[in-house]
file protein31.cif (mmCIF, C-alpha atoms)
data_target
#
loop_
_atom_site.label_atom_id
_atom_site.label_comp_id
_atom_site.auth_asym_id
_atom_site.auth_seq_id
_atom_site.Cartn_x
_atom_site.Cartn_y
_atom_site.Cartn_z
CA MET E 29 -46.40 -47.26 42.55
CA ASN E 30 -49.90 -48.75 42.66
CA PRO E 31 -49.69 -52.23 44.31
CA SER E 32 -53.21 -53.15 43.12
CA ARG E 33 -52.12 -52.95 39.48
CA PRO E 34 -50.69 -55.99 37.69
CA VAL E 35 -46.92 -56.30 37.83
CA ALA E 36 -44.97 -55.79 34.59
CA VAL E 37 -42.34 -58.52 34.21
CA VAL E 38 -39.43 -57.42 31.99
CA VAL E 39 -37.48 -60.43 30.71
CA GLY E 40 -33.96 -59.63 29.51
CA VAL E 41 -32.52 -56.57 31.25
CA GLU E 42 -29.84 -55.26 28.97
CA ILE E 43 -30.03 -51.69 27.63
CA ASN E 44 -33.40 -52.48 26.00
CA GLY E 45 -34.85 -53.81 29.25
CA LEU E 46 -33.47 -50.88 31.21
CA GLY E 47 -35.31 -48.48 28.89
CA LEU E 48 -38.51 -50.47 29.38
CA LEU E 49 -38.19 -50.38 33.17
CA ARG E 50 -37.56 -46.63 33.25
CA SER E 51 -40.44 -45.92 30.86
CA LEU E 52 -42.89 -48.04 32.86
CA ALA E 53 -41.71 -46.54 36.15
CA LEU E 54 -42.85 -43.13 34.91
CA GLY E 55 -46.41 -44.48 35.09
CA GLY E 56 -46.02 -45.91 38.57
CA VAL E 57 -46.14 -49.51 37.30
CA PRO E 58 -45.00 -52.21 39.76
CA LEU E 59 -42.01 -53.92 38.16
CA ILE E 60 -39.99 -57.13 38.12
CA ALA E 61 -36.63 -57.21 36.29
CA ALA E 62 -35.81 -60.82 35.29
CA ASP E 63 -32.51 -61.92 33.78
CA PRO E 64 -30.03 -64.84 34.05
CA ASP E 65 -27.20 -62.42 34.96
CA PRO E 66 -28.07 -60.42 38.09
CA ARG E 67 -24.56 -58.93 38.18
CA GLN E 68 -24.75 -57.06 34.88
CA PRO E 69 -24.79 -53.25 35.22
CA THR E 70 -28.35 -52.80 33.96
CA MET E 71 -29.65 -55.06 36.75
CA ARG E 72 -28.32 -52.49 39.24
CA THR E 73 -31.20 -50.16 38.38
CA ARG E 74 -33.35 -49.06 41.29
CA HIS E 75 -36.47 -49.94 39.31
CA GLY E 76 -38.15 -53.27 40.00
CA ARG E 77 -37.67 -56.36 42.10
CA LYS E 78 -34.83 -58.48 40.67
CA ILE E 79 -35.43 -62.13 39.69
CA ARG E 80 -32.75 -64.50 38.43
CA LEU E 81 -33.77 -66.69 35.49
CA ARG E 82 -31.98 -69.81 34.33
CA ALA E 83 -32.21 -68.85 30.63
CA LEU E 84 -33.73 -66.33 28.22
CA SER E 85 -35.15 -69.04 25.95
CA GLY E 86 -36.20 -72.66 25.91
CA PRO E 87 -38.00 -74.88 28.44
CA GLU E 88 -36.12 -73.47 31.43
CA LEU E 89 -37.45 -69.99 30.69
CA VAL E 90 -41.02 -71.28 30.36
CA ASP E 91 -40.77 -73.15 33.65
CA ASP E 92 -39.29 -70.12 35.42
CA LEU E 93 -42.01 -67.80 34.07
CA LEU E 94 -44.78 -70.18 35.12
CA ALA E 95 -43.29 -70.51 38.60
CA LEU E 96 -43.02 -66.72 38.90
CA ALA E 97 -46.60 -66.16 37.70
CA ARG E 98 -47.95 -68.43 40.43
CA THR E 99 -46.62 -65.95 42.98
CA LEU E 100 -48.28 -62.92 41.34
CA ASP E 101 -51.87 -61.73 41.48
CA PRO E 102 -53.45 -60.23 39.41
CA ARG E 103 -52.16 -61.76 36.17
CA PRO E 104 -48.93 -59.89 35.26
CA VAL E 105 -47.98 -58.21 31.99
CA LEU E 106 -45.05 -59.74 30.11
CA PHE E 107 -42.42 -57.70 28.24
CA VAL E 108 -39.55 -59.40 26.38
CA THR E 109 -36.47 -57.88 24.81
CA ARG E 110 -34.72 -60.57 22.73
CA ASP E 111 -35.65 -62.46 19.57
CA GLU E 112 -34.95 -65.86 21.10
CA THR E 113 -37.30 -65.01 23.97
CA VAL E 114 -39.99 -64.01 21.47
CA ALA E 115 -39.57 -67.37 19.73
CA THR E 116 -39.92 -69.27 23.02
CA VAL E 117 -42.97 -67.30 24.18
CA SER E 118 -44.58 -67.70 20.76
CA ALA E 119 -43.99 -71.46 20.77
CA HIS E 120 -45.47 -71.80 24.28
CA ARG E 121 -48.11 -69.08 24.03
CA GLU E 122 -50.99 -71.33 25.05
CA ALA E 123 -49.29 -72.39 28.28
CA LEU E 124 -48.20 -68.83 29.11
CA ALA E 125 -51.35 -66.93 28.07
CA GLY E 126 -53.28 -68.21 31.09
CA HIS E 127 -50.66 -66.70 33.40
CA TYR E 128 -49.47 -63.54 31.60
CA ARG E 129 -50.93 -60.74 29.50
CA PHE E 130 -49.07 -60.22 26.20
CA GLN E 131 -49.74 -59.79 22.49
CA LEU E 132 -47.92 -61.55 19.67
CA PRO E 133 -48.57 -61.97 15.95
CA ALA E 134 -49.75 -65.32 14.64
CA PRO E 135 -47.04 -68.01 14.97
CA ASP E 136 -46.28 -68.17 11.25
CA ILE E 137 -45.96 -64.39 11.00
CA ALA E 138 -43.85 -64.18 14.17
CA THR E 139 -41.49 -66.80 12.76
CA ALA E 140 -41.27 -65.21 9.30
CA LEU E 141 -40.73 -61.63 10.49
CA ASN E 142 -38.02 -62.61 12.95
CA THR E 143 -35.85 -63.98 10.12
CA LYS E 144 -34.41 -61.81 7.38
CA ALA E 145 -35.27 -64.29 4.64
CA GLY E 146 -38.88 -64.49 5.86
CA PHE E 147 -39.19 -60.71 5.92
CA GLN E 148 -37.71 -60.39 2.43
CA ALA E 149 -40.26 -62.86 1.08
CA LEU E 150 -43.24 -61.14 2.73
CA ALA E 151 -42.11 -57.64 1.73
CA ALA E 152 -41.49 -58.68 -1.88
CA ARG E 153 -44.88 -60.39 -2.05
CA GLY E 154 -46.59 -57.20 -0.85
CA GLY E 155 -44.65 -54.88 -3.17
CA PHE E 156 -42.91 -53.03 -0.33
CA PRO E 157 -39.61 -51.19 -1.04
CA ILE E 158 -36.63 -53.46 -0.28
CA PRO E 159 -33.16 -53.72 -1.86
CA PRO E 160 -32.44 -56.84 -3.93
CA GLY E 161 -30.84 -59.71 -2.04
CA ALA E 162 -30.17 -63.43 -1.89
CA HIS E 163 -30.85 -65.94 0.89
CA ILE E 164 -27.85 -68.21 1.43
CA ALA E 165 -28.50 -71.42 3.38
CA ARG E 166 -26.08 -73.90 1.76
CA GLU E 167 -23.10 -74.12 -0.58
CA ALA E 168 -25.29 -74.40 -3.69
CA ASP E 169 -26.87 -71.01 -2.92
CA LEU E 170 -23.53 -69.25 -3.43
CA LEU E 171 -24.25 -69.21 -7.18
CA LYS E 172 -26.85 -66.50 -6.46
CA LEU E 173 -24.11 -64.10 -5.38
CA ALA E 174 -23.03 -63.45 -8.95
CA ASP E 175 -26.40 -61.84 -9.78
CA LEU E 176 -26.30 -59.16 -7.07
CA PRO E 177 -25.16 -55.53 -7.48
CA TYR E 178 -22.14 -54.74 -5.30
CA PRO E 179 -21.22 -53.57 -2.71
CA CYS E 180 -23.54 -55.64 -0.52
CA ALA E 181 -24.33 -56.10 3.15
CA LEU E 182 -23.97 -59.62 4.53
CA LYS E 183 -26.06 -60.36 7.65
CA PRO E 184 -27.17 -63.43 9.59
CA GLY E 185 -30.78 -64.40 8.98
CA GLU E 186 -31.18 -64.57 12.74
CA ARG E 187 -28.84 -64.24 15.71
CA ASN E 188 -27.58 -66.90 18.09
CA ALA E 189 -24.82 -67.14 20.68
CA ALA E 190 -22.53 -69.24 18.49
CA TYR E 191 -22.69 -66.64 15.70
CA ASP E 192 -22.25 -63.68 18.06
CA ARG E 193 -19.09 -65.18 19.59
CA ARG E 194 -17.29 -65.37 16.25
CA PHE E 195 -18.76 -62.84 13.85
CA ALA E 196 -19.93 -59.22 13.59
CA LYS E 197 -23.54 -58.10 13.40
CA ALA E 198 -23.08 -57.38 9.67
CA TYR E 199 -20.39 -57.03 7.01
CA ARG E 200 -19.89 -54.91 3.90
CA VAL E 201 -18.58 -56.97 0.97
CA GLU E 202 -17.32 -55.47 -2.27
CA SER E 203 -17.62 -58.44 -4.66
CA ALA E 204 -19.22 -61.83 -5.17
CA ALA E 205 -15.86 -63.46 -4.46
CA GLU E 206 -15.49 -61.69 -1.10
CA ALA E 207 -19.10 -62.52 -0.21
CA GLY E 208 -18.53 -66.17 -1.09
CA ARG E 209 -15.42 -66.47 1.07
CA LEU E 210 -17.19 -64.95 4.06
CA CYS E 211 -20.32 -67.07 3.56
CA ARG E 212 -18.21 -70.25 3.55
CA ARG E 213 -16.71 -69.27 6.90
CA ILE E 214 -20.09 -68.50 8.47
CA LEU E 215 -22.35 -71.24 7.03
CA PRO E 216 -21.12 -74.03 9.37
CA VAL E 217 -22.13 -71.82 12.32
CA MET E 218 -25.16 -70.02 10.83
CA PRO E 219 -26.75 -71.69 7.76
CA ASP E 220 -29.07 -68.73 7.24
CA LEU E 221 -27.51 -65.63 5.65
CA LEU E 222 -28.81 -62.66 3.69
CA VAL E 223 -26.61 -60.89 1.14
CA GLN E 224 -28.32 -57.68 0.09
CA GLU E 225 -27.45 -54.63 -2.01
CA TRP E 226 -25.70 -51.97 0.07
CA ILE E 227 -27.83 -48.83 0.40
CA GLU E 228 -25.62 -45.79 -0.04
CA GLY E 229 -25.64 -43.23 2.74
CA GLY E 230 -24.14 -42.64 6.16
CA ASP E 231 -25.42 -43.92 9.47
CA ASP E 232 -27.56 -40.80 9.78
CA ALA E 233 -29.53 -41.94 6.71
CA ILE E 234 -31.10 -44.69 8.85
CA TYR E 235 -34.60 -44.04 10.18
CA PHE E 236 -36.94 -46.17 12.22
CA VAL E 237 -40.60 -46.36 13.19
CA LEU E 238 -41.46 -47.82 16.60
CA GLN E 239 -45.06 -48.98 17.05
CA TYR E 240 -47.44 -50.81 19.34
CA HIS E 241 -50.54 -52.35 17.74
CA PRO E 242 -53.26 -52.87 20.38
CA GLY E 243 -55.66 -54.70 18.05
CA GLY E 244 -59.44 -54.48 18.28
CA GLY E 245 -59.58 -52.07 15.35
CA ARG E 246 -57.56 -49.43 17.21
CA PRO E 247 -54.73 -47.67 15.35
CA PRO E 248 -51.14 -48.21 16.49
CA LEU E 249 -49.21 -45.73 18.56
CA SER E 250 -46.12 -44.68 16.59
CA PHE E 251 -42.84 -42.83 16.98
CA THR E 252 -40.46 -42.01 14.12
CA GLY E 253 -36.76 -41.54 14.80
CA ARG E 254 -33.42 -41.22 13.07
CA LYS E 255 -29.95 -42.40 13.93
CA THR E 256 -27.16 -39.90 14.24
CA HIS E 257 -24.46 -42.54 14.71
CA ALA E 258 -24.00 -46.30 14.85
CA TRP E 259 -21.19 -48.25 16.44
CA PRO E 260 -19.38 -50.01 14.89
CA VAL E 261 -19.91 -47.53 12.07
CA LEU E 262 -21.99 -48.59 9.05
CA VAL E 263 -22.80 -52.06 10.38
CA GLY E 264 -23.43 -51.69 14.13
CA PRO E 265 -26.51 -50.91 16.25
CA THR E 266 -27.60 -47.41 17.20
CA ALA E 267 -25.07 -45.38 19.16
CA ARG E 268 -27.16 -42.20 19.22
CA CYS E 269 -30.56 -41.22 17.81
CA GLY E 270 -33.37 -38.69 18.06
CA PRO E 271 -36.86 -37.86 16.79
CA ALA E 272 -37.54 -37.39 13.07
CA PRO E 273 -41.06 -35.92 12.81
CA GLU E 274 -40.34 -34.71 9.28
CA ALA E 275 -40.24 -38.33 8.07
CA ALA E 276 -43.32 -39.51 9.97
CA PRO E 277 -45.91 -38.61 7.28
CA VAL E 278 -44.17 -41.00 4.85
CA LEU E 279 -42.81 -43.75 7.08
CA GLU E 280 -45.57 -44.24 9.64
CA PRO E 281 -48.37 -45.03 7.13
CA LEU E 282 -46.01 -47.35 5.21
CA THR E 283 -45.04 -49.19 8.41
CA THR E 284 -48.64 -49.42 9.56
CA ARG E 285 -49.75 -50.85 6.22
CA PHE E 286 -47.02 -53.48 6.26
CA PHE E 287 -47.84 -54.69 9.78
CA GLN E 288 -51.61 -54.51 9.30
CA ASP E 289 -51.28 -56.56 6.11
CA HIS E 290 -49.88 -59.29 8.35
CA ARG E 291 -52.41 -58.79 11.18
CA LEU E 292 -49.73 -57.80 13.68
CA GLN E 293 -50.73 -57.35 17.30
CA GLY E 294 -48.31 -56.00 19.86
CA TRP E 295 -44.81 -54.69 19.23
CA GLY E 296 -43.59 -53.83 15.75
CA ALA E 297 -40.71 -51.68 14.48
CA MET E 298 -39.30 -51.08 11.03
CA GLU E 299 -35.85 -49.77 10.12
CA TYR E 300 -35.40 -47.80 6.89
CA LYS E 301 -32.45 -46.35 5.04
CA ARG E 302 -32.76 -43.44 2.63
CA ASP E 303 -30.69 -44.11 -0.45
CA ALA E 304 -28.27 -41.23 -1.02
CA ARG E 305 -28.36 -41.86 -4.78
CA ASP E 306 -32.07 -41.26 -5.40
CA GLY E 307 -33.72 -40.45 -2.07
CA ARG E 308 -35.80 -43.65 -1.95
CA TRP E 309 -36.88 -45.03 1.42
CA LEU E 310 -35.99 -48.71 1.61
CA MET E 311 -37.05 -51.14 4.31
CA VAL E 312 -34.07 -52.77 6.01
CA GLU E 313 -35.51 -55.03 8.71
CA PRO E 314 -38.44 -55.33 11.13
CA THR E 315 -38.61 -56.14 14.82
CA VAL E 316 -41.77 -57.85 16.10
CA GLY E 317 -42.94 -59.29 19.40
CA ARG E 318 -40.53 -57.25 21.51
CA SER E 319 -39.45 -53.71 22.18
CA ASP E 320 -36.62 -52.20 20.18
CA MET E 321 -33.28 -51.35 21.80
CA GLN E 322 -33.81 -47.62 21.27
CA ILE E 323 -37.33 -47.66 22.75
CA GLU E 324 -36.48 -45.02 25.34
CA VAL E 325 -35.92 -42.30 22.74
CA ALA E 326 -39.69 -42.36 22.14
CA THR E 327 -40.42 -41.97 25.86
CA LEU E 328 -37.96 -39.07 26.16
CA ASN E 329 -39.78 -37.31 23.32
CA GLY E 330 -43.28 -37.73 24.76
CA VAL E 331 -44.41 -41.09 23.28
CA ASN E 332 -44.25 -43.65 26.10
CA LEU E 333 -44.86 -46.83 24.11
CA PRO E 334 -44.13 -49.27 26.98
CA LEU E 335 -46.64 -47.55 29.26
CA ALA E 336 -49.25 -47.45 26.48
CA ALA E 337 -48.73 -51.18 25.85
CA TYR E 338 -49.10 -51.94 29.56
CA LEU E 339 -52.31 -49.92 29.88
CA TRP E 340 -53.89 -51.46 26.78
CA LEU E 341 -53.06 -54.94 28.08
CA ILE E 342 -54.78 -54.29 31.43
CA GLY E 343 -57.83 -52.77 29.72
CA GLU E 344 -57.12 -49.07 30.17
CA GLU E 345 -56.61 -46.30 27.64
CA PRO E 346 -53.19 -44.62 27.60
CA PRO E 347 -52.85 -40.84 27.81
CA PRO E 348 -52.15 -39.03 24.54
CA PRO E 349 -48.52 -38.36 23.53
CA GLN E 350 -46.98 -35.23 25.00
CA ALA E 351 -45.22 -32.55 22.97
CA ARG E 352 -41.64 -32.20 24.19
CA PRO E 353 -38.48 -30.49 22.92
CA CYS E 354 -36.13 -32.59 20.81
CA THR E 355 -34.15 -34.95 23.05
CA LEU E 356 -31.46 -37.35 21.82
CA TRP E 357 -30.75 -40.77 23.30
CA ARG E 358 -27.40 -42.52 23.21
CA ARG E 359 -26.82 -46.22 23.78
CA ASP E 360 -23.81 -45.43 25.92
CA TRP E 361 -21.22 -42.71 26.20
CA LEU E 362 -18.28 -44.81 25.01
CA ALA E 363 -20.01 -46.08 21.84
CA ALA E 364 -21.33 -42.63 20.95
CA THR E 365 -17.91 -41.04 21.46
CA ALA E 366 -16.17 -43.66 19.30
CA ALA E 367 -18.78 -43.31 16.55
CA ALA E 368 -18.56 -39.51 16.48
CA ARG E 369 -14.76 -39.70 16.32
CA ALA E 370 -14.87 -42.20 13.45
CA GLN E 371 -17.50 -40.27 11.45
CA PRO E 372 -17.31 -36.58 12.40
CA GLU E 373 -19.13 -35.60 9.21
CA VAL E 374 -22.43 -37.38 10.00
CA GLY E 375 -25.11 -36.91 12.60
CA ARG E 376 -25.28 -33.12 12.61
CA TRP E 377 -28.97 -32.83 11.82
CA PRO E 378 -30.48 -32.27 15.31
CA PRO E 379 -30.39 -28.82 16.92
CA ALA E 380 -26.93 -28.17 18.27
CA ASP E 381 -28.31 -27.53 21.75
CA ALA E 382 -30.55 -30.62 21.91
CA PRO E 383 -29.95 -32.46 25.21
CA VAL E 384 -28.52 -35.97 25.05
CA VAL E 385 -29.71 -38.58 27.55
CA ASP E 386 -27.42 -41.52 28.26
CA GLY E 387 -28.81 -45.07 28.18
CA TYR E 388 -27.02 -45.96 31.43
CA TRP E 389 -26.67 -42.76 33.43
CA ARG E 390 -29.53 -41.04 35.27
CA ARG E 391 -29.13 -38.79 38.24
CA ASP E 392 -31.97 -40.59 40.01
CA ASP E 393 -30.76 -44.06 38.89
CA PRO E 394 -26.95 -43.87 38.70
CA LEU E 395 -25.82 -47.42 39.51
CA PRO E 396 -26.09 -48.91 35.97
CA ALA E 397 -23.59 -46.30 34.75
CA LEU E 398 -21.36 -46.53 37.81
CA TYR E 399 -21.06 -50.29 37.32
CA ALA E 400 -20.76 -50.17 33.51
CA TYR E 401 -18.41 -47.34 32.61
CA PRO E 402 -15.40 -47.77 34.93
CA ALA E 403 -15.10 -51.47 34.11
CA ARG E 404 -15.41 -50.86 30.36
CA ALA E 405 -12.95 -47.96 30.41
CA LEU E 406 -10.38 -50.08 32.27
CA GLY E 407 -10.94 -52.93 29.82
CA ALA E 408 -10.38 -50.63 26.86
CA LEU E 409 -7.21 -49.23 28.44
CA TRP E 410 -5.89 -52.75 29.10
CA ARG E 411 -6.54 -53.81 25.50
CA ARG E 412 -4.72 -50.72 24.23
CA LEU E 413 -1.73 -51.40 26.50
CA ARG E 414 -1.55 -55.01 25.31
CA ARG E 415 -1.49 -53.88 21.68
#
call {"tool": "encode", "arguments": {"input": "protein31.cif", "output": "structure tokens"}}
result
Amino acid sequence: MNPSRPVAVVVGVEINGLGLLRSLALGGVPLIAADPDPRQPTMRTRHGRKIRLRALSGPELVDDLLALARTLDPRPVLFVTRDETVATVSAHREALAGHYRFQLPAPDIATALNTKAGFQALAARGGFPIPPGAHIAREADLLKLADLPYPCALKPGERNAAYDRRFAKAYRVESAAEAGRLCRRILPVMPDLLVQEWIEGGDDAIYFVLQYHPGGGRPPLSFTGRKTHAWPVLVGPTARCGPAPEAAPVLEPLTTRFFQDHRLQGWGAMEYKRDARDGRWLMVEPTVGRSDMQIEVATLNGVNLPLAAYLWLIGEEPPPPQARPCTLWRRDWLAATAAARAQPEVGRWPPADAPVVDGYWRRDDPLPALYAYPARALGALWRRLRR
């Protein structure tokens, strides 16, 4: 660690933040891990000084970040991991920019791209490949459901705690009637829904491009990956993934063009799904202003995006990507095992002997796994016994 370098402050230390900390630690970056829950397993990592925040969004977060910055010199680098944190930092960027180094898109673009309806509108305006869909914000919008091809995916336009407590990340609906019933249940909690044509294909038909755009006319650093499994299957986040260099010549220029059209600076990622019916690549959703949950798969395969972002922000040039053998990353052992059991026919594309690195477990940083897995295994056993 180089104490003369600016500290990197990672806000939100779940699996995303843990991947950031481990990636930055490879470059000897001094670290602070900041989260409202210091007892969660990921905060047991050996990387970084631990700081307890009062919240991950809103005025309390801004006040806590300003208070922390006054104790740090030189000006630290800020990394965030959640959409609500991006929204808060974007809204208070003028107050925070004097105390932290970070890059965000313009406020209107940050707001639009962090909602599914906003992304749909921008992508359609630019002629980018997206499946047809309808934005549902009130009862009157339910009439649009009759015009969609089914089956469809139903997703919240953005996430919040009230939605997450009661509903899944996404749903597959087979008819306008089923979509309408589900929308009526969700609208009182989340009046911002997207109902979109279901793209045929398994979870291993989902690809992604992770990027950092340094600005100043410099090209982005990119990594292209592919899911092998998701959990819950078909609608959940990545359970396991790996590199997909064969798709990079198509997906990286398309992703770069989309983000450059909107003058993006900083973090940007795009998820795609390849339609099993005709082979088309269709954009599913972007992530901007923050790192993606599966960011560490890029680092494991020689493209350390967090370290590159840090170096650009302190005025240094990052080293070039390193060629490494194919390495898979899994969110956690339990999710990956459940997904493989539920869909044994998908996710067989990587080399059979490719190593798999667990999101929690590392031999040189074992505590996140030792705190996470026993408690979760006991909880799963208890739920099974109760049933």
call {"tool": "resolve_selection", "arguments": {"input": "protein31.cif", "expression": "the PyMOL selection byres ((chain E and resi 128-145) around 8)", "output": "VMD selection string"}}
result
chain E and resid 97 103 to 107 111 115 118 to 119 124 to 127 146 to 150 163 184 to 186 221 to 222 290 to 295 313 to 317 341 to 342
call {"tool": "residues_around", "arguments": {"input": "protein31.cif", "residues": "E:Ala53", "least_positions_apart": "5", "cutoff": "9 Å", "atoms": "only C-alpha atoms", "output": "ChimeraX atom specification"}}
result
/E:29,48,58-59,75-76,335
call {"tool": "resolve_selection", "arguments": {"input": "protein31.cif", "expression": "the PyMOL selection byres ((chain E and resi 299) around 10)", "output": "MDAnalysis selection string"}}
result
chainID E and resid 234:238 252:254 279 283 297:298 300:301 309:315
call {"tool": "write_last_selection", "arguments": {"input": "protein31.cif", "atoms": "C-alpha atoms", "output": "short mmCIF file (atom, residue, chain, number, x, y, z; two decimals), in the coordinates of the input"}}
result
data_model
loop_
_atom_site.label_atom_id
_atom_site.label_comp_id
_atom_site.auth_asym_id
_atom_site.auth_seq_id
_atom_site.Cartn_x
_atom_site.Cartn_y
_atom_site.Cartn_z
CA ILE E 234 -31.10 -44.69 8.85
CA TYR E 235 -34.60 -44.04 10.18
CA PHE E 236 -36.94 -46.17 12.22
CA VAL E 237 -40.60 -46.36 13.19
CA LEU E 238 -41.46 -47.82 16.60
CA THR E 252 -40.46 -42.01 14.12
CA GLY E 253 -36.76 -41.54 14.80
CA ARG E 254 -33.42 -41.22 13.07
CA LEU E 279 -42.81 -43.75 7.08
CA THR E 283 -45.04 -49.19 8.41
CA ALA E 297 -40.71 -51.68 14.48
CA MET E 298 -39.30 -51.08 11.03
CA TYR E 300 -35.40 -47.80 6.89
CA LYS E 301 -32.45 -46.35 5.04
CA TRP E 309 -36.88 -45.03 1.42
CA LEU E 310 -35.99 -48.71 1.61
CA MET E 311 -37.05 -51.14 4.31
CA VAL E 312 -34.07 -52.77 6.01
CA GLU E 313 -35.51 -55.03 8.71
CA PRO E 314 -38.44 -55.33 11.13
CA THR E 315 -38.61 -56.14 14.82
#
call {"tool": "atom_distance", "arguments": {"input": "protein31.cif", "atom1": "atom CA of E:Trp377", "atom2": "atom CA of E:Ala276"}}
result
15.9 Å
call {"tool": "resolve_selection", "arguments": {"input": "protein31.cif", "expression": "the PyMOL selection byres ((chain E and resi 171-173) around 10)", "output": "list in words"}}
result
Gly161, Ala162, His163, Ile164, Glu167, Ala168, Asp169, Leu170, Ala174, Asp175, Leu176, Pro177, Tyr178, Cys180, Ser203, Ala204, Ala205, Glu206, Ala207, Gly208, Val223 and Gln224 of chain E
call {"tool": "residues_around", "arguments": {"input": "protein31.cif", "residues": "E:Cys269", "least_positions_apart": "5", "cutoff": "8 Å", "atoms": "all atoms listed in the file", "output": "list in words"}}
result
Gly253, Arg254, Lys255, Thr256, His257, Gln322, Val325, Leu356, Trp357 and Arg358 of chain E
call {"tool": "atom_distance", "arguments": {"input": "protein31.cif", "atom1": "atom CA of E:Cys354", "atom2": "atom CA of E:Asp393"}}
result
22.1 Å
call {"tool": "atom_distance", "arguments": {"input": "protein31.cif", "atom1": "atom CA of E:Asp306", "atom2": "atom CA of E:Arg153"}}
result
23.3 Å
call {"tool": "residues_around", "arguments": {"input": "protein31.cif", "residues": "stretch 362-372 of chain E", "least_positions_apart": "4", "cutoff": "9 Å", "atoms": "only C-alpha atoms", "output": "VMD selection string"}}
result
chain E and resid 230 to 231 256 to 261 266 to 268 358 376 401 404 to 405
call {"tool": "closest_residue", "arguments": {"input": "protein31.cif", "among": "E:Arg302, E:Pro265, E:Pro64, E:Leu395", "to": "E:Val278", "atoms": "all atoms listed in the file"}}
result
E:Arg302
call {"tool": "residues_around", "arguments": {"input": "protein31.cif", "residues": "stretch 191-198 of chain E", "least_positions_apart": "5", "cutoff": "7 Å", "atoms": "only C-alpha atoms", "output": "PyMOL selection string"}}
result
chain E and resi 181-183+217-218+263-264
call {"tool": "write_last_selection", "arguments": {"input": "protein31.cif", "atoms": "C-alpha atoms", "output": "PDB file, in the coordinates of the input"}}
result
ATOM      1  CA  ALA E 181     -24.330 -56.100   3.150  1.00  0.00           C
ATOM      2  CA  LEU E 182     -23.970 -59.620   4.530  1.00  0.00           C
ATOM      3  CA  LYS E 183     -26.060 -60.360   7.650  1.00  0.00           C
ATOM      4  CA  VAL E 217     -22.130 -71.820  12.320  1.00  0.00           C
ATOM      5  CA  MET E 218     -25.160 -70.020  10.830  1.00  0.00           C
ATOM      6  CA  VAL E 263     -22.800 -52.060  10.380  1.00  0.00           C
ATOM      7  CA  GLY E 264     -23.430 -51.690  14.130  1.00  0.00           C
TER       8      GLY E 264
END
call {"tool": "build_atoms", "arguments": {"input": "protein31.cif", "residues": "stretch 56-69 of chain E", "atoms": "N, CA and C atoms", "output": "short mmCIF file (atom, residue, chain, number, x, y, z; two decimals), keeping the file's coordinate frame"}}
result
data_model
loop_
_atom_site.label_atom_id
_atom_site.label_comp_id
_atom_site.auth_asym_id
_atom_site.auth_seq_id
_atom_site.Cartn_x
_atom_site.Cartn_y
_atom_site.Cartn_z
N GLY E 56 -45.76 -45.31 37.28
CA GLY E 56 -46.02 -45.91 38.57
C GLY E 56 -46.35 -47.39 38.50
N VAL E 57 -45.84 -48.09 37.48
CA VAL E 57 -46.14 -49.51 37.30
C VAL E 57 -45.27 -50.34 38.23
N PRO E 58 -45.84 -51.29 38.99
CA PRO E 58 -45.00 -52.21 39.76
C PRO E 58 -44.21 -53.11 38.83
N LEU E 59 -42.92 -53.32 39.13
CA LEU E 59 -42.01 -53.92 38.16
C LEU E 59 -41.24 -55.10 38.74
N ILE E 60 -40.95 -56.06 37.84
CA ILE E 60 -39.99 -57.13 38.12
C ILE E 60 -38.99 -57.15 36.96
N ALA E 61 -37.71 -57.11 37.29
CA ALA E 61 -36.63 -57.21 36.29
C ALA E 61 -36.06 -58.62 36.36
N ALA E 62 -36.18 -59.40 35.28
CA ALA E 62 -35.81 -60.82 35.29
C ALA E 62 -34.73 -61.08 34.25
N ASP E 63 -33.63 -61.68 34.68
CA ASP E 63 -32.51 -61.92 33.78
C ASP E 63 -31.63 -63.04 34.37
N PRO E 64 -30.94 -63.82 33.51
CA PRO E 64 -30.03 -64.84 34.05
C PRO E 64 -28.78 -64.27 34.72
N ASP E 65 -28.44 -63.01 34.44
CA ASP E 65 -27.20 -62.42 34.96
C ASP E 65 -27.52 -61.26 35.90
N PRO E 66 -27.71 -61.52 37.17
CA PRO E 66 -28.07 -60.42 38.09
C PRO E 66 -26.93 -59.45 38.35
N ARG E 67 -25.72 -59.79 37.90
CA ARG E 67 -24.56 -58.93 38.18
C ARG E 67 -24.29 -57.93 37.07
N GLN E 68 -25.01 -58.01 35.96
CA GLN E 68 -24.75 -57.06 34.88
C GLN E 68 -25.17 -55.66 35.30
N PRO E 69 -24.53 -54.61 34.75
CA PRO E 69 -24.79 -53.25 35.22
C PRO E 69 -26.25 -52.83 35.14
#
